[in-house]
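Peer 1: Got a structure here, written out as structure tokens. Questions coming.
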Amino acid sequence: MTQSTLFRSEEMSLIQLYIPAEVAQPCVAELGELGKVQFRDLNPEVNAFQRSFVSEIRRLDEMERQCRFFQTQLLKSEIQVRPLTTAAYRSRARSAQEVDDLEETLKEYEGRVSQMNSSYESLQRRYLQLTELRHVLRESSSFFEQAGQDARRHSIDDQDDSAPLLDNDVEQAHYDYDNVRLGYVTGVIARSRIQTFERVLWRSLRGNLYMNTAEIDEPIVDPDTDSVVDKNVFAIFAHGPEIIAKIKKISESLGGTLYSVDDSADKRRDDLLQVTSRIEDLNSVLSNTNQTRRSELLKISENITAWTTIVKKEKAIYHTLNLFNYDSNRKCLIAEGWCPTNDIALVQQSLKAATEASGTNLPSILTELTTKKTPPTYHRTNKFTEGFQGIIDAYGMARYREVNPGLFTLVSFPFLFAVMFGDIGHGFLMFLAALYLVLNEKKLSQNNGEIFKMFFGGRYMMLMMGLFSIFTGAIYNDIFSLSLNVFTSGFDLPSNYTSTESVESLPNGHVYAFGLDPAWHGSENFLLFTNSYKMKQAIVIGVIHMSFAICLNVFNHIYYKRKAFVWLEFLPQILFMESIFGYLIFCIMYKWSVNWWELDAEGHHIRNAPPNLLNMLIYMFLSPGSVNPEDQLFPGQGPIQAILLLIAVVCVPWMWLAKPFYLKREASQHHYETVAHDEDDIMDEEQRAVAGGASNDEDDEEEFDFSEEMIHQTIHTIEFCLECISNTASYLRLWALSLAHAQLSSVLWDMTLKIWFSMTGPIAVIGLVIGFSMWFVLTIGILLCMEGLSAFLHALRLMWVEFDGKFYNGDGIAFEPFTFAKVLEPTE
């Protein structure tokens, strides 16, 4: 048994299970609780509707629908659901009788709740109608009185062009208004449609109507949508049955509800009293119905979570059973799946426990199969490593058993972040925030907010980023843009100087013990010094980081038994990288280690001025083998550069041609062995078919194509050579973001707090309070959140492109085991 490490993915085994049909359901349930087996579909050619357990799945689909119906009703009634306990989550598999009983229970509850819902809705509709009728009867009295008065008050006004056509009709002067009976339409319409209603009536009837409206101040609840709708009562008076019929059609088309009322005031008064009495009775019935319905839902709320869990588990079990083959002779189910080799004992133990719990003596048999199929990739993580591994999986799932960058991400990612974010104070604030999430992780894990879950999932990553930021901040000697004078400084200021003149700090022979000397802070050449240092530091870190990534190729080549690729691919790559950029690192280190301003006994400079390394690297290609004496870094520099340049040039055709020709030779030698291997594969397939397993669906070995391999290697060689340059330059982002972070922090300090230190009195106190508040808020919002996110994204790019791109294939298949934990995940 191999030890589980994050350096490579887990070793996987293809296992075959022979499960007796009587215990298939509890065995699969136990494996779902374990979550260590990814089952293969042994019936890929069978339609989903023709599989063995379709009827059970349909029945469970109906039960799941009923559970969703109950949850919707509980949510609508604002009833809290009892949370799922750990015991209920890990409950045993249910027998067929228990599932049948649950189905009957759900049907009974659904029938009762549906019946009560129907009764309640019909009562609500009746209540709505009576309420609207009451308002119509109440308002109609004033409408009828006003309509009668306006019908008798009629005169012709020639100057009023805005009067309705009915008022200006000359023939109306001969009408006897006492004997004319106007028709009327009364009803209720939504207040939002009243203007449209009036406009349509006016244009359709050419003004031959009298209309009055009144607002209903009581909230009207629509039983279909359970939303409050504002409505108006209307009464329309017109003459003629055709016009009345047209008014009714228009009213109904716009969603209005019509109510018939008597034109007698006494009859309307009696109807109003009767409707009011009926509303009071209906209110009592509605209250009782709602109370009964709520008590029924309260009973459901006690068990709905457990019911939903049982149904989802059972449904997942039968979906998994549909992947198996049924052996009618042995009366057992045959399953195949991938399992971590180290967990096979756990799988066997789970199968044994399920068999014993079912009370049968028929054991389940587990055998390991030998196969050439590509296994899925599974990295065993914990709550600390999970976030870091998630970064790598987002780039691409590792090929089976290849070197996993997630192990090195544990240190390199927070360190690269900290190089750009280096500040003791900012790192400490980030560390405290992450520490709070870590210490309260059990309580905070219940928070399902999308943004919060992202931060909570990366709490250990933030913890490491904060710690590393404190470390790099100590190297930069930077805490909220100020410096710490912990050790003895290496520079002293002159004793006599004024505040207006520029002075030069003189070396005192000491060396600051750790980090940047605080004497540099506030000096005129501070930015010039830190610029040069951080730029060279970025190059050194980048080249070391990429060189290490190239070296990881050796582990992949050896594991996949491609030792020849170490000489054909790795060696020319590392030589090309180190002959140019490794040499550049050496020159940076050498330049840092030499005292270029050292004087001899006569006071003359021993060495020439320090050369510019960028110009040196450029002229290394433009004039190989020769170096200007004034720009010489060390003796013998010219010949050494010529040798290194020659090595780099030789490595290019080495990378380009060696691997394709080697593969061509291997392919020609392997050609005669293929037929024998194919015959062995056919025999294995026949044996597996007799055993009841799935047919061997492995892909045929691809035929070697030399031209295609040459094209691929040409692209790879050009890409590698160009990436060595571009990726090295890409690490300069470490310098740029570190500089930007330090300058933003300094500007924020100077503009919010420092300006108040030179003042005295109450103004200074008030200014310090306001300035500190602004400084703290802006520090959290800009420097921690915005700058932190920027540094995170840039560190992510360096890990994905510059580091992973050198050795990581990322074309593997993720291990997706059958587990109830995924089945029971809450859906958005």
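We label chains A, B, ... in the order they appear in the structure tokens, count residues from 1 in each chain, and number ligands from 1 in the order shown.
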Which neighbours of Leu272 (chain A) fall inside 10 Å, counting only C-alpha atoms, when residues of the same chain fewer than 2 positions from it are skipped, and could you give them as an MDAnalysis selection string?

Peer 2: chainID A and resid 130 133:138 266:270 274:278

Peer 1: List the spatial neighbours of region 805-808 of chain A as a PDB file with C-alpha atoms, in the first residue's frame - criterion: any atom at most 8 Å away, only C-alpha atoms, same-chain residues fewer than 2 positions off excluded.

Peer 2:
ATOM      1  CA  ALA A 398      -3.910  16.727 -13.190  1.00  0.00           C
ATOM      2  CA  GLU A 402       1.663  13.288 -12.588  1.00  0.00           C
ATOM      3  CA  VAL A 403       3.435  15.712 -10.254  1.00  0.00           C
ATOM      4  CA  ASN A 404       0.835  17.849  -8.516  1.00  0.00           C
ATOM      5  CA  PRO A 405       1.631  21.580  -8.315  1.00  0.00           C
ATOM      6  CA  MET A 546      10.713  28.498 -13.347  1.00  0.00           C
ATOM      7  CA  ALA A 549       9.268  23.859 -12.449  1.00  0.00           C
ATOM      8  CA  ILE A 550      11.440  22.568 -15.302  1.00  0.00           C
ATOM      9  CA  LEU A 552       9.839  18.677 -11.906  1.00  0.00           C
ATOM     10  CA  ASN A 553       9.657  17.254 -15.442  1.00  0.00           C
ATOM     11  CA  TRP A 800      -0.775  29.029 -13.646  1.00  0.00           C
ATOM     12  CA  VAL A 801       1.238  30.263 -16.612  1.00  0.00           C
ATOM     13  CA  GLU A 802       4.838  30.687 -15.536  1.00  0.00           C
ATOM     14  CA  PHE A 803       5.051  27.749 -13.095  1.00  0.00           C
ATOM     15  CA  GLY A 810      -3.614  19.335 -16.647  1.00  0.00           C
TER      16      GLY A 810
END

Peer 1: For Thr292 (chain A), which residue among A:Ala434, A:Val419, A:Thr355, A:Tyr120 is the nearest when counting only C-alpha atoms?

Peer 2: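 That would be A:Tyr120, the residue with the smallest distance to Thr292 (chain A).
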
Peer 1: For Glu218 (chain A), find every residue with an atom within 12 Å (counting only C-alpha atoms), except residues of its own chain fewer than 3 positions away, and show them as a PDB file with N, CA and C atoms, in the first residue's frame.

Peer 2:
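Written out: selection19.pdb:
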ATOM      1  N   LEU A 128     -63.254  37.650  -1.536  1.00  0.00           N
ATOM      2  CA  LEU A 128     -62.891  38.750  -2.424  1.00  0.00           C
ATOM      3  C   LEU A 128     -64.135  39.302  -3.125  1.00  0.00           C
ATOM      4  N   THR A 131     -66.292  41.185  -0.610  1.00  0.00           N
ATOM      5  CA  THR A 131     -65.672  42.459  -0.230  1.00  0.00           C
ATOM      6  C   THR A 131     -65.861  43.494  -1.331  1.00  0.00           C
ATOM      7  N   GLU A 132     -65.624  43.078  -2.571  1.00  0.00           N
ATOM      8  CA  GLU A 132     -65.805  44.014  -3.679  1.00  0.00           C
ATOM      9  C   GLU A 132     -67.273  44.421  -3.818  1.00  0.00           C
ATOM     10  N   ARG A 134     -69.468  44.571  -1.440  1.00  0.00           N
ATOM     11  CA  ARG A 134     -69.795  45.496  -0.352  1.00  0.00           C
ATOM     12  C   ARG A 134     -69.394  46.927  -0.702  1.00  0.00           C
ATOM     13  N   HIS A 135     -68.200  47.075  -1.284  1.00  0.00           N
ATOM     14  CA  HIS A 135     -67.748  48.413  -1.672  1.00  0.00           C
ATOM     15  C   HIS A 135     -68.599  48.959  -2.814  1.00  0.00           C
ATOM     16  N   GLU A 215     -62.123  55.093  -5.058  1.00  0.00           N
ATOM     17  CA  GLU A 215     -61.048  54.192  -4.652  1.00  0.00           C
ATOM     18  C   GLU A 215     -61.478  53.326  -3.474  1.00  0.00           C
ATOM     19  N   VAL A 221     -56.568  41.331  -1.601  1.00  0.00           N
ATOM     20  CA  VAL A 221     -55.562  40.290  -1.840  1.00  0.00           C
ATOM     21  C   VAL A 221     -56.048  39.390  -2.967  1.00  0.00           C
ATOM     22  N   VAL A 228     -51.172  42.041  -2.902  1.00  0.00           N
ATOM     23  CA  VAL A 228     -52.166  43.085  -2.657  1.00  0.00           C
ATOM     24  C   VAL A 228     -52.354  43.899  -3.932  1.00  0.00           C
ATOM     25  N   VAL A 229     -53.612  44.079  -4.345  1.00  0.00           N
ATOM     26  CA  VAL A 229     -53.936  44.816  -5.566  1.00  0.00           C
ATOM     27  C   VAL A 229     -54.832  45.997  -5.190  1.00  0.00           C
ATOM     28  N   ASP A 230     -54.482  47.197  -5.640  1.00  0.00           N
ATOM     29  CA  ASP A 230     -55.324  48.380  -5.437  1.00  0.00           C
ATOM     30  C   ASP A 230     -56.408  48.405  -6.511  1.00  0.00           C
ATOM     31  N   LYS A 231     -57.658  48.569  -6.067  1.00  0.00           N
ATOM     32  CA  LYS A 231     -58.773  48.549  -7.010  1.00  0.00           C
ATOM     33  C   LYS A 231     -59.697  49.745  -6.798  1.00  0.00           C
ATOM     34  N   ASN A 232     -60.502  50.022  -7.819  1.00  0.00           N
ATOM     35  CA  ASN A 232     -61.476  51.107  -7.801  1.00  0.00           C
ATOM     36  C   ASN A 232     -62.859  50.548  -8.121  1.00  0.00           C
ATOM     37  N   VAL A 233     -63.879  51.129  -7.483  1.00  0.00           N
ATOM     38  CA  VAL A 233     -65.274  50.851  -7.834  1.00  0.00           C
ATOM     39  C   VAL A 233     -65.691  51.803  -8.955  1.00  0.00           C
TER      40      VAL A 233
END

Peer 1: Can you tell me, as a list of chain:residue names, which residues in region 230-465 of chain A count as strand (DSSP E or B) by DSSP?

Peer 2: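 Of region 230-465 of chain A, only A:Lys231, A:Asn232, A:Val233, A:Phe234, A:Ala235, A:Ile236, A:Phe237, A:Ala238, A:Thr257, A:Leu258, A:Tyr259, A:Asn325, A:Tyr326, A:Asp327, A:Cys332, A:Leu333, A:Ile334, A:Ala335, A:Glu336, A:Gly337, A:Trp338, A:Cys339, A:Pro340, A:Ile365, A:Leu366, A:Thr367, A:Glu368, A:Leu369, A:Thr377 fall in strand (DSSP E or B).
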
Peer 1: Pick from A:Ile640, A:Gln669, A:Leu273, A:Leu42: nearest to Tyr583 (chain A), with only C-alpha atoms counted?

Peer 2: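 Of all the options, A:Ile640 lies closest to Tyr583 (chain A).
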
Peer 1: Give me the residues within 9 Å of region 513-517 of chain A as number ranges by chain, counting only C-alpha atoms and dropping any in the same chain fewer than 4 places off.

Peer 2: A: 472-478, 483-491, 521

Peer 1: Using only C-alpha atoms, determine which residues lie at most 10 Å from Glu441 (chain A), disregarding the query and same-chain residues fewer than 6 positions distant; provide the list as a VMD selection string.

Peer 2: chain A and resid 435 456 to 457 459

Peer 1: Suppose we keep all heavy atoms; can you now write the selection as a short mmCIF file (atom, residue, chain, number, x, y, z; two decimals), in the first residue's frame?

Peer 2:
data_model
loop_
_atom_site.label_atom_id
_atom_site.label_comp_id
_atom_site.auth_asym_id
_atom_site.auth_seq_id
_atom_site.Cartn_x
_atom_site.Cartn_y
_atom_site.Cartn_z
N LEU A 435 -7.77 34.51 10.76
CA LEU A 435 -7.77 33.79 12.03
C LEU A 435 -9.17 33.73 12.62
O LEU A 435 -9.58 32.71 13.20
CB LEU A 435 -6.80 34.46 13.00
CG LEU A 435 -6.56 33.72 14.33
CD1 LEU A 435 -5.89 32.38 14.07
CD2 LEU A 435 -5.70 34.58 15.26
N PHE A 456 -14.61 32.20 2.90
CA PHE A 456 -14.51 31.17 3.93
C PHE A 456 -13.76 29.95 3.41
O PHE A 456 -12.98 29.33 4.14
CB PHE A 456 -15.92 30.78 4.38
CG PHE A 456 -15.93 29.79 5.50
CD1 PHE A 456 -15.61 30.18 6.79
CD2 PHE A 456 -16.26 28.46 5.27
CE1 PHE A 456 -15.62 29.26 7.84
CE2 PHE A 456 -16.27 27.53 6.29
CZ PHE A 456 -15.95 27.93 7.58
N GLY A 457 -13.99 29.58 2.15
CA GLY A 457 -13.27 28.44 1.59
C GLY A 457 -11.77 28.66 1.50
O GLY A 457 -10.99 27.71 1.55
N ARG A 459 -9.95 30.44 3.72
CA ARG A 459 -9.52 31.04 4.99
C ARG A 459 -8.08 30.67 5.34
O ARG A 459 -7.33 31.53 5.83
CB ARG A 459 -10.48 30.62 6.11
CG ARG A 459 -10.60 29.13 6.33
CD ARG A 459 -11.81 28.80 7.23
NE ARG A 459 -11.95 27.37 7.49
CZ ARG A 459 -12.49 26.51 6.66
NH1 ARG A 459 -12.93 26.91 5.48
NH2 ARG A 459 -12.59 25.24 6.97
#

Peer 1: Quick one: DSSP helix (DSSP H, G or I) residues in region 603-774 of chain A, as a VMD selection string?

Peer 2: chain A and resid 613 to 622 629 to 631 637 to 691 706 to 730 732 to 752 754 to 756 762 to 774

Peer 1: Would you mind listing what lies within 12 Å of region 560-568 of chain A as a PyMOL selection string, with only C-alpha atoms counted and same-chain residues fewer than 6 positions away left out?

Peer 2: chain A and resi 399-403+550-554+574-575+651-663+666+713

Peer 1: Which of these residues is nearest to Thr213 (chain A), using only C-alpha atoms: A:Leu366, A:Cys332, A:Ile189, A:Ile304?

Peer 2: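 Once distances to Thr213 (chain A) are computed over only C-alpha atoms, the minimum belongs to A:Ile189.
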
Peer 1: Find the spatial neighbours of region 248-251 of chain A, counting only C-alpha atoms, within a cut-off of 12 Å - ignore same-chain residues fewer than 5 positions away - and output them as a ChimeraX atom specification.

Peer 2: /A:183-190,193-194,196-205,233-238,241-243,256-260

Peer 1: Provide the CA of Ser13 (chain A) to CA of Glu386 (chain A) distance in Å, to one decimal place.

Peer 2: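 A separation of 23.3 Å between them.
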
Peer 1: Which of these residues is nearest to Tyr326 (chain A), using only C-alpha atoms: A:Met751, A:Val650, A:Met397, A:Leu17?

Peer 2: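 For Tyr326 (chain A), the nearest of the candidates is A:Leu17.
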
Peer 1: In Å to one decimal, how far is CA of Lys534 (chain A) from CA of Trp735 (chain A)?

Peer 2: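 So the answer is 5.2 Å.
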
Peer 1: How far is it from CA of Ser77 (chain A) to CA of Lys107 (chain A), in Å with one decimal?

Peer 2: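 Pair CA of Ser77 (chain A) / CA of Lys107 (chain A) returns 20.2 Å.
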
Peer 1: Measuring between only C-alpha atoms, which one of A:Asp750, A:Glu816, A:Glu336, A:Glu719 shows the shortest distance to Phe39 (chain A)?

Peer 2: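 Between A:Asp750, A:Glu816, A:Glu336, A:Glu719, the residue approaching Phe39 (chain A) most closely is A:Glu336.
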